[in-house]
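Okay, run-v5.txt now, which holds compact mmCIF, C-alpha atoms and all ligand atoms:
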# COMPACT_ATOMS: atom_id res chain seq x y z
CA MET A 1 12.60 27.23 1.35
CA LYS A 2 9.89 29.18 -0.49
CA TYR A 3 6.21 28.36 -0.86
CA PRO A 4 5.99 25.96 -3.83
CA ASN A 5 4.63 27.06 -7.15
CA PHE A 6 1.82 24.62 -7.97
CA PRO A 7 0.48 24.61 -11.53
CA LYS A 8 -3.06 26.01 -11.93
CA ASP A 9 -4.57 22.63 -12.75
CA CYS A 10 -2.91 20.85 -9.79
CA LYS A 11 -5.42 18.56 -8.05
CA SER A 12 -3.25 16.88 -5.41
CA MET A 13 -4.23 16.91 -1.75
CA LEU A 14 -0.87 18.54 -1.11
CA CYS A 15 -1.73 21.65 -3.09
CA LYS A 16 -5.25 21.63 -1.64
CA TYR A 17 -4.11 21.58 2.00
CA LEU A 18 -0.69 23.23 1.96
CA THR A 19 -1.98 26.78 2.18
CA LYS A 20 0.47 29.63 2.64
CA GLU A 21 -0.56 29.78 6.33
CA VAL A 22 0.06 26.07 6.92
CA PHE A 23 3.36 26.33 5.05
CA ASP A 24 4.56 29.24 7.19
CA GLU A 25 3.61 27.43 10.36
CA LEU A 26 5.42 24.19 9.41
CA LYS A 27 8.37 25.26 7.31
CA ASP A 28 10.95 25.42 10.11
CA ARG A 29 9.83 22.31 12.00
CA LYS A 30 11.84 19.10 12.15
CA THR A 31 11.21 15.66 13.63
CA PRO A 32 13.78 14.13 16.02
CA ASN A 33 15.11 12.13 13.03
CA GLY A 34 15.63 15.36 11.08
CA PHE A 35 12.66 15.03 8.71
CA THR A 36 11.52 18.41 7.35
CA LEU A 37 8.51 19.83 5.54
CA GLU A 38 10.62 20.16 2.40
CA MET A 39 11.27 16.40 2.46
CA ALA A 40 7.61 15.63 3.18
CA ILE A 41 6.32 17.54 0.17
CA ASN A 42 9.09 17.03 -2.38
CA SER A 43 7.31 14.17 -4.18
CA GLY A 44 4.13 16.20 -4.66
CA VAL A 45 6.06 19.32 -5.66
CA LYS A 46 8.14 17.45 -8.27
CA ASN A 47 5.09 15.48 -9.42
CA PRO A 48 2.15 17.89 -9.56
CA ASP A 49 0.00 15.08 -11.01
CA SER A 50 0.19 13.27 -7.64
CA SER A 51 -3.12 12.38 -6.07
CA ILE A 52 -1.75 12.88 -2.57
CA GLY A 53 1.83 14.20 -2.81
CA VAL A 54 3.20 13.78 0.74
CA TYR A 55 5.27 11.19 2.59
CA ALA A 56 6.40 10.79 6.21
CA GLY A 57 9.92 10.22 7.53
CA ASP A 58 9.00 8.66 10.84
CA LYS A 59 6.11 8.22 13.27
CA GLU A 60 6.69 11.73 14.64
CA SER A 61 6.14 13.28 11.17
CA TYR A 62 2.41 12.71 11.56
CA GLU A 63 2.42 14.83 14.75
CA VAL A 64 4.98 17.49 13.81
CA PHE A 65 3.33 18.15 10.43
CA ASP A 66 -0.22 17.44 11.62
CA LEU A 67 -1.61 20.61 10.05
CA LEU A 68 -0.82 19.11 6.65
CA PHE A 69 -1.33 15.37 7.32
CA ASP A 70 -4.58 15.59 9.34
CA PRO A 71 -6.82 17.01 6.60
CA ILE A 72 -5.34 14.56 4.07
CA ILE A 73 -5.99 11.62 6.40
CA GLN A 74 -9.50 12.95 7.04
CA GLU A 75 -10.30 13.22 3.34
CA TYR A 76 -8.70 9.94 2.25
CA HIS A 77 -9.86 7.64 5.06
CA GLY A 78 -12.71 9.65 6.57
CA PHE A 79 -10.83 9.46 9.87
CA GLY A 80 -10.70 12.32 12.39
CA LYS A 81 -7.93 13.66 14.58
CA ASN A 82 -9.47 12.39 17.82
CA GLU A 83 -10.40 8.92 16.64
CA LYS A 84 -8.65 5.72 17.64
CA HIS A 85 -7.75 3.01 15.16
CA VAL A 86 -8.90 -0.48 16.14
CA SER A 87 -7.42 -3.57 14.53
CA ASP A 88 -9.15 -6.91 13.95
CA PHE A 89 -7.16 -9.38 11.90
CA ASP A 90 -9.09 -12.45 13.09
CA PRO A 91 -10.02 -14.69 10.13
CA ASN A 92 -12.81 -16.24 12.22
CA LYS A 93 -14.65 -12.91 11.99
CA LEU A 94 -14.54 -12.93 8.22
CA ASP A 95 -17.69 -14.72 7.20
CA ILE A 96 -17.58 -14.65 3.40
CA ASP A 97 -17.83 -17.08 0.50
CA ASN A 98 -16.04 -16.99 -2.84
CA PRO A 99 -17.92 -14.34 -4.87
CA ASP A 100 -17.04 -16.14 -8.12
CA PRO A 101 -16.59 -19.86 -7.35
CA LYS A 102 -16.25 -20.84 -11.04
CA SER A 103 -13.61 -18.14 -11.62
CA GLU A 104 -15.55 -16.71 -14.54
CA LEU A 105 -14.70 -13.08 -13.84
CA ILE A 106 -12.13 -13.02 -11.04
CA LEU A 107 -8.66 -13.97 -12.24
CA SER A 108 -6.76 -13.58 -8.99
CA THR A 109 -6.90 -12.23 -5.45
CA ARG A 110 -4.14 -10.45 -3.54
CA ILE A 111 -4.03 -8.93 -0.06
CA ARG A 112 -1.03 -7.00 1.20
CA VAL A 113 -0.17 -5.07 4.31
CA GLY A 114 2.64 -2.58 4.74
CA ARG A 115 4.82 -2.62 7.85
CA ASN A 116 7.87 -0.75 9.15
CA LEU A 117 10.17 -1.71 12.00
CA ASP A 118 9.97 0.02 15.34
CA GLY A 119 13.30 1.65 16.14
CA PHE A 120 14.08 2.68 12.54
CA PRO A 121 13.07 5.75 10.55
CA LEU A 122 10.90 5.17 7.46
CA GLY A 123 12.45 4.49 4.05
CA THR A 124 12.31 8.16 3.03
CA ILE A 125 15.18 9.01 5.39
CA ILE A 126 16.59 5.67 6.46
CA SER A 127 20.40 5.45 6.15
CA LYS A 128 22.04 2.80 3.98
CA GLU A 129 23.33 0.99 7.07
CA GLN A 130 19.89 0.99 8.69
CA ARG A 131 18.25 -0.21 5.47
CA ASP A 132 20.73 -3.07 5.19
CA GLU A 133 20.03 -3.91 8.83
CA VAL A 134 16.29 -4.06 8.14
CA GLU A 135 16.94 -6.38 5.20
CA LYS A 136 19.05 -8.63 7.40
CA ILE A 137 16.51 -8.80 10.23
CA VAL A 138 13.49 -9.44 8.01
CA SER A 139 15.08 -11.88 5.56
CA GLY A 140 16.69 -13.73 8.48
CA THR A 141 13.31 -14.35 10.10
CA LEU A 142 11.67 -15.27 6.80
CA LYS A 143 14.32 -17.85 6.04
CA SER A 144 13.31 -19.72 9.21
CA PHE A 145 9.67 -20.08 8.09
CA LYS A 146 8.38 -23.62 7.66
CA GLY A 147 5.48 -25.36 5.94
CA ASP A 148 3.32 -23.40 3.50
CA LEU A 149 5.25 -20.18 4.21
CA GLN A 150 8.69 -21.67 3.66
CA GLY A 151 10.63 -20.01 0.86
CA GLU A 152 13.69 -18.19 -0.34
CA TYR A 153 14.94 -14.62 -0.27
CA PHE A 154 16.08 -13.05 -3.54
CA PRO A 155 18.00 -9.76 -3.17
CA LEU A 156 17.43 -7.31 -6.02
CA LYS A 157 21.15 -6.74 -6.24
CA GLY A 158 22.54 -9.46 -8.43
CA MET A 159 19.16 -10.45 -9.85
CA THR A 160 19.34 -10.57 -13.66
CA SER A 161 17.11 -8.10 -15.46
CA ALA A 162 15.37 -11.01 -17.20
CA VAL A 163 14.34 -12.53 -13.85
CA GLN A 164 13.39 -9.13 -12.48
CA GLU A 165 11.22 -8.29 -15.51
CA LYS A 166 9.50 -11.67 -15.44
CA LEU A 167 8.63 -11.28 -11.75
CA ILE A 168 7.25 -7.78 -12.41
CA LYS A 169 5.24 -8.90 -15.44
CA GLU A 170 3.73 -11.77 -13.47
CA HIS A 171 2.65 -9.30 -10.73
CA PHE A 172 4.98 -10.64 -8.05
CA LEU A 173 7.63 -7.91 -7.79
CA PHE A 174 7.59 -4.12 -7.39
CA LYS A 175 8.60 -2.06 -10.40
CA GLU A 176 11.75 0.00 -10.65
CA GLY A 177 12.15 3.74 -11.03
CA ASP A 178 8.79 4.98 -9.72
CA ARG A 179 9.07 8.78 -9.94
CA PHE A 180 6.83 9.39 -6.89
CA LEU A 181 9.03 7.18 -4.71
CA GLU A 182 12.16 8.63 -6.30
CA ALA A 183 11.28 12.19 -5.28
CA ALA A 184 10.30 10.99 -1.81
CA GLY A 185 13.82 9.64 -1.24
CA LEU A 186 12.60 6.04 -1.28
CA ASN A 187 14.83 4.88 -4.13
CA ARG A 188 18.16 5.98 -2.61
CA ASP A 189 21.00 3.41 -2.93
CA TRP A 190 18.85 1.30 -5.28
CA PRO A 191 19.01 -1.74 -5.55
CA GLU A 192 20.93 -2.25 -2.30
CA GLY A 193 18.93 -3.56 0.64
CA ARG A 194 15.91 -4.41 -1.53
CA GLY A 195 14.60 -7.83 -2.37
CA ILE A 196 11.74 -10.26 -2.47
CA PHE A 197 11.04 -13.37 -0.42
CA HIS A 198 8.55 -15.91 -1.70
CA ASN A 199 7.40 -19.44 -1.07
CA LYS A 200 7.54 -22.04 -3.85
CA LYS A 201 4.00 -21.44 -5.09
CA LYS A 202 4.41 -17.65 -4.92
CA THR A 203 1.30 -17.41 -2.76
CA PHE A 204 3.20 -15.78 0.10
CA LEU A 205 5.65 -12.98 -0.67
CA VAL A 206 7.41 -10.21 1.21
CA TRP A 207 8.89 -7.16 -0.47
CA ILE A 208 11.75 -5.71 1.55
CA ASN A 209 12.58 -1.99 1.56
CA GLU A 210 10.32 -0.70 -1.18
CA GLU A 211 7.81 2.03 -0.25
CA ASP A 212 7.60 0.49 3.19
CA GLU A 213 10.21 -1.67 4.87
CA LEU A 214 7.91 -4.66 4.53
CA ARG A 215 5.07 -5.36 2.17
CA ILE A 216 3.62 -8.69 3.26
CA ILE A 217 1.60 -10.27 0.48
CA SER A 218 -0.71 -13.24 0.10
CA MET A 219 -2.05 -14.01 -3.38
CA GLN A 220 -3.43 -16.77 -5.56
CA GLN A 221 -5.47 -17.47 -8.67
CA GLY A 222 -9.28 -17.18 -8.42
CA GLY A 223 -11.57 -15.47 -5.95
CA ASP A 224 -11.13 -17.27 -2.63
CA ILE A 225 -10.60 -14.07 -0.67
CA LYS A 226 -10.91 -15.81 2.68
CA GLU A 227 -8.13 -18.29 1.97
CA VAL A 228 -5.85 -15.42 0.95
CA PHE A 229 -6.75 -13.53 4.16
CA VAL A 230 -6.09 -16.56 6.39
CA ARG A 231 -2.63 -17.08 4.88
CA LEU A 232 -1.78 -13.41 5.34
CA ALA A 233 -2.99 -13.31 8.95
CA ASN A 234 -0.82 -16.36 9.76
CA ALA A 235 2.24 -14.88 8.08
CA VAL A 236 1.88 -11.53 9.86
CA ASN A 237 1.49 -13.37 13.16
CA GLU A 238 4.65 -15.35 12.54
CA LEU A 239 6.64 -12.23 11.67
CA GLU A 240 5.34 -10.40 14.74
CA LYS A 241 6.77 -13.10 16.98
CA ASP A 242 10.24 -11.98 15.91
CA MET A 243 9.99 -8.23 15.31
CA LYS A 244 8.14 -5.17 16.51
CA PHE A 245 6.31 -3.07 13.95
CA LEU A 246 5.95 0.70 14.15
CA LYS A 247 2.45 1.68 15.27
CA SER A 248 0.43 4.18 17.28
CA ASP A 249 -2.94 4.08 19.06
CA HIS A 250 -4.28 6.84 16.87
CA LEU A 251 -2.94 5.83 13.44
CA GLY A 252 -2.42 2.08 13.71
CA TYR A 253 0.51 0.81 11.65
CA ILE A 254 2.72 3.68 10.53
CA THR A 255 3.55 3.82 6.82
CA SER A 256 5.49 6.23 4.65
CA CYS A 257 2.39 7.30 2.69
CA PRO A 258 -0.66 8.51 4.62
CA THR A 259 -2.99 6.47 2.38
CA ASN A 260 -1.61 3.28 3.89
CA LEU A 261 -1.94 4.09 7.60
CA GLY A 262 -4.01 1.98 10.00
CA THR A 263 -4.36 -1.52 8.63
CA ALA A 264 -1.96 -0.72 5.75
CA MET A 265 -4.09 -3.26 3.92
CA ARG A 266 -4.95 -3.34 0.25
CA ALA A 267 -7.15 -6.26 -0.70
CA SER A 268 -7.65 -6.58 -4.43
CA VAL A 269 -8.97 -8.74 -7.20
CA HIS A 270 -8.06 -8.77 -10.87
CA ILE A 271 -11.49 -8.93 -12.42
CA LYS A 272 -12.93 -8.91 -15.95
CA LEU A 273 -15.56 -6.20 -16.30
CA PRO A 274 -15.69 -5.62 -20.08
CA LYS A 275 -19.30 -4.41 -20.15
CA LEU A 276 -19.59 -2.39 -16.96
CA SER A 277 -16.30 -0.61 -17.62
CA GLN A 278 -17.73 0.81 -20.86
CA ASP A 279 -20.15 2.82 -18.73
CA LYS A 280 -17.58 4.92 -16.90
CA LYS A 281 -20.15 6.80 -14.83
CA LEU A 282 -21.88 3.68 -13.54
CA PHE A 283 -18.53 1.98 -12.89
CA LYS A 284 -17.42 4.93 -10.78
CA THR A 285 -20.73 5.23 -8.95
CA VAL A 286 -20.62 1.57 -7.87
CA THR A 287 -16.95 1.57 -6.86
CA ASP A 288 -17.39 4.82 -4.92
CA LYS A 289 -20.43 3.42 -3.11
CA PHE A 290 -18.35 0.51 -1.77
CA HIS A 291 -15.23 2.63 -1.09
CA LEU A 292 -13.29 0.86 -3.80
CA GLN A 293 -10.43 2.02 -5.96
CA ILE A 294 -9.85 1.12 -9.61
CA ARG A 295 -6.29 0.48 -10.80
CA GLY A 296 -4.83 -0.95 -14.01
CA ILE A 297 -3.52 -4.51 -14.03
CA HIS A 298 0.12 -3.61 -13.65
CA GLY A 299 -0.53 -1.83 -10.37
CA GLU A 300 -0.85 1.79 -9.42
CA HIS A 301 -0.54 4.36 -12.21
CA SER A 302 -0.88 1.59 -14.85
CA LYS A 303 -3.60 1.13 -17.46
CA SER A 304 -6.22 -1.57 -17.68
CA GLU A 305 -5.85 -4.19 -20.41
CA GLY A 306 -8.58 -6.24 -22.04
CA GLY A 307 -11.34 -5.02 -19.73
CA ILE A 308 -9.50 -6.38 -16.68
CA PHE A 309 -9.16 -4.15 -13.63
CA ASP A 310 -7.50 -4.19 -10.23
CA ILE A 311 -10.29 -3.42 -7.76
CA SER A 312 -9.36 -2.84 -4.11
CA ASN A 313 -10.48 -1.30 -0.84
CA ARG A 314 -9.62 2.38 -0.62
CA ARG A 315 -10.00 3.02 3.13
CA ARG A 316 -7.41 1.46 5.42
CA LEU A 317 -7.55 3.53 8.62
CA GLY A 318 -10.37 3.65 11.17
CA ILE A 319 -11.72 0.32 9.94
CA SER A 320 -10.35 -3.12 10.80
CA GLU A 321 -8.59 -5.60 8.52
CA VAL A 322 -11.78 -7.67 8.44
CA GLU A 323 -13.76 -4.59 7.38
CA CYS A 324 -11.24 -3.71 4.64
CA VAL A 325 -11.82 -7.11 3.11
CA LYS A 326 -15.59 -6.78 3.53
CA ASP A 327 -15.44 -3.51 1.56
CA LEU A 328 -13.84 -5.47 -1.26
CA TYR A 329 -16.16 -8.47 -0.95
CA ASN A 330 -19.40 -6.46 -0.90
CA GLY A 331 -18.30 -4.29 -3.79
CA VAL A 332 -17.11 -7.19 -5.91
CA LYS A 333 -20.44 -9.05 -5.39
CA GLU A 334 -22.26 -5.99 -6.70
CA LEU A 335 -19.84 -5.47 -9.63
CA ILE A 336 -20.26 -9.10 -10.68
CA SER A 337 -24.03 -8.89 -10.45
CA ILE A 338 -24.12 -5.72 -12.59
CA GLU A 339 -21.65 -7.10 -15.15
CA ARG A 340 -23.81 -10.21 -15.56
CA SER A 341 -26.99 -8.15 -16.00
CA LEU A 342 -25.57 -6.08 -18.86
P1 LIG B 1 0.55 -2.21 -3.85
O1 LIG B 1 -0.43 -3.28 -3.89
O2 LIG B 1 1.73 -2.62 -3.07
O3 LIG B 1 -0.08 -0.95 -3.39
P2 LIG B 1 0.64 -1.94 -6.80
O4 LIG B 1 -0.70 -1.36 -7.01
O5 LIG B 1 1.75 -1.31 -7.57
O6 LIG B 1 1.15 -1.89 -5.29
O7 LIG B 1 0.58 -3.48 -7.15
C1 LIG B 1 1.70 -4.28 -7.02
C2 LIG B 1 1.65 -5.49 -7.92
O8 LIG B 1 0.65 -6.38 -7.49
C3 LIG B 1 1.34 -5.16 -9.37
O9 LIG B 1 2.11 -5.94 -10.23
C4 LIG B 1 -0.10 -5.56 -9.51
O10 LIG B 1 -0.47 -5.90 -10.82
C5 LIG B 1 -0.14 -6.75 -8.59
N1 LIG B 1 -1.50 -7.07 -8.13
C6 LIG B 1 -2.31 -6.29 -7.40
N2 LIG B 1 -3.49 -6.89 -7.17
C7 LIG B 1 -3.41 -8.10 -7.77
C8 LIG B 1 -4.31 -9.21 -7.90
N3 LIG B 1 -5.53 -9.20 -7.33
N4 LIG B 1 -3.89 -10.27 -8.61
C9 LIG B 1 -2.66 -10.31 -9.17
N5 LIG B 1 -1.79 -9.31 -9.09
C10 LIG B 1 -2.15 -8.22 -8.40
N1 LIG B 2 2.46 9.75 -3.97
C1 LIG B 2 1.64 9.18 -4.99
C2 LIG B 2 0.55 10.16 -5.34
O1 LIG B 2 0.29 11.04 -4.56
C3 LIG B 2 1.04 7.87 -4.56
C4 LIG B 2 0.01 7.94 -3.47
C5 LIG B 2 -0.69 6.68 -3.04
N2 LIG B 2 0.00 5.50 -3.42
C6 LIG B 2 1.03 4.96 -2.79
N3 LIG B 2 1.63 3.96 -3.36
N4 LIG B 2 1.41 5.38 -1.61
O2 LIG B 2 -0.06 10.03 -6.39

Before anything else, please render the file you have as structure tokens.
Ligand code: ADP
Ligand code: ARG
Amino acid sequence: MKYPNFPKDCKSMLCKYLTKEVFDELKDRKTPNGFTLEMAINSGVKNPDSSIGVYAGDKESYEVFDLLFDPIIQEYHGFGKNEKHVSDFDPNKLDIDNPDPKSELILSTRIRVGRNLDGFPLGTIISKEQRDEVEKIVSGTLKSFKGDLQGEYFPLKGMTSAVQEKLIKEHFLFKEGDRFLEAAGLNRDWPEGRGIFHNKKKTFLVWINEEDELRIISMQQGGDIKEVFVRLANAVNELEKDMKFLKSDHLGYITSCPTNLGTAMRASVHIKLPKLSQDKKLFKTVTDKFHLQIRGIHGEHSKSEGGIFDISNRRRLGISEVECVKDLYNGVKELISIERSL
């Protein structure tokens, strides 16, 4: 494999940190599962417009290719090589109110965490048999859930395109054909082994075998962030009684993309900011100050519609679950106050 040819205007972290020296040092290394540098960087090489551009194949990838992953993790999360990730998913520590009790600006709230099973490689190099096994384990446990979390599992295979499209449009299901995931090997054998579990009200959902083996999601209309957090914490607890998730002392929960390490938590609101969003500089200054990310309303790499944005915490590693949500809460309070003053 030769050093990749990045276009001149490439701004990804991959092209920033994969210097010729780092490349030469890493190019012949392999993890015990057979994950190589070529696999790790393929998504960013094929998609030079990536913001990050790298994926892992297993927990060991983060050690074997540390010269590439460490600076990316440092820049994205502000988290250093010798730091330890500490988790705190205790809802009792989350002392917040609803930042928009009349639901004037916040349409909905969603919090998700990514998880992968201990004992399996990540989705980038998982075999079809292993992926099917993950689906069986996770959907089996979910089917035994009772009460508010009780629901049904819907495999992607066999789902009509009308149902699939409706679920995507209503923000419940992952989209198909993402080119970043495709180049990372995460869409192999599609749609086999993939699916979505949800309760009746669609306030608790689990995506199986998308970018991570599990994406555990709690969501509802309005801005009651705490209620969404409590439901998620309960669901994760229930799942953890039955399965062991891949994690390390240093990096917390291990995910296929380095942006999701640690808590693997993205807490977001869909919020109307028609005035503030006109002032792009101010909008960016405020979101940066609170470590927030702006996405469009159909998820990552989508556009905003009607002045509505998906605002979420950006950092996920080196801060706890409670702190991730506080990043969102504090930022959203400020965004609402500025929007109202304009
Ligand atoms: P992820 O959250 O897993 O990183 P995406 O950014 O692609 O992935 O979002 C997945 C889906 O969740 C998209 O359909 C998106 O519109 C939806 N979504 C995200 N946040 C919210 C929210 N606060 N309310 C409703 N839907 C949301
Ligand atoms: N690989 C894509 C990029 O670099 C996505 C990165 C973050 N998002 C994610 N879903 N992991 O732009």

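For ligand LIG 2 (chain B), the neighbouring protein, DNA and RNA residues, which are those within 9 Å when all atoms listed in the file are counted, are Ser12, Met13, Leu14, Ser43, Gly44, Asn47, Pro48, Asp49, Ser50, Ser51, Ile52, Gly53, Val54, Tyr55, Arg179, Phe180, Leu181, Ala184, Glu211, Thr255, Ser256, Cys257, Pro258, Thr259, Asn260, Glu300 and His301 of chain A.
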
Contacts with ligand LIG 1 (chain B) at most 6 Å, all atoms listed in the file counted, listed as a PyMOL selection string
chain A and resi 108-110+168+171-172+174+268-270+297-300+310

Keeping C-alpha atoms, export the residues of the selection given above as a CSV table (one decimal), keeping the file's coordinate frame.
chain,number,residue,atom,x,y,z
A,108,SER,CA,-6.8,-13.6,-9.0
A,109,THR,CA,-6.9,-12.2,-5.4
A,110,ARG,CA,-4.1,-10.4,-3.5
A,168,ILE,CA,7.2,-7.8,-12.4
A,171,HIS,CA,2.6,-9.3,-10.7
A,172,PHE,CA,5.0,-10.6,-8.0
A,174,PHE,CA,7.6,-4.1,-7.4
A,268,SER,CA,-7.6,-6.6,-4.4
A,269,VAL,CA,-9.0,-8.7,-7.2
A,270,HIS,CA,-8.1,-8.8,-10.9
A,297,ILE,CA,-3.5,-4.5,-14.0
A,298,HIS,CA,0.1,-3.6,-13.6
A,299,GLY,CA,-0.5,-1.8,-10.4
A,300,GLU,CA,-0.8,1.8,-9.4
A,310,ASP,CA,-7.5,-4.2,-10.2

Please identify all polymer residues within 6 Å of segment 188-194 of chain A, counting only C-alpha atoms, omitting same-chain residues fewer than 2 positions from it, and present them as a PyMOL selection string.
chain A and resi 131-132+135+155-157+185-186+208-209

Nearest to Glu152 of chain A: which of A:Gln164, A:Val134, A:Lys303, A:Lys200 is it, counting only C-alpha atoms?
A:Lys200

Give me the residues near Glu63 of chain A as a ChimeraX atom specification, where near means some atom within 12 Å (using all atoms listed in the file) and where sequence neighbours in that chain fewer than 6 positions away do not count.
/A:26,29-32,35,56-57,69-70,81,248,250-251,254
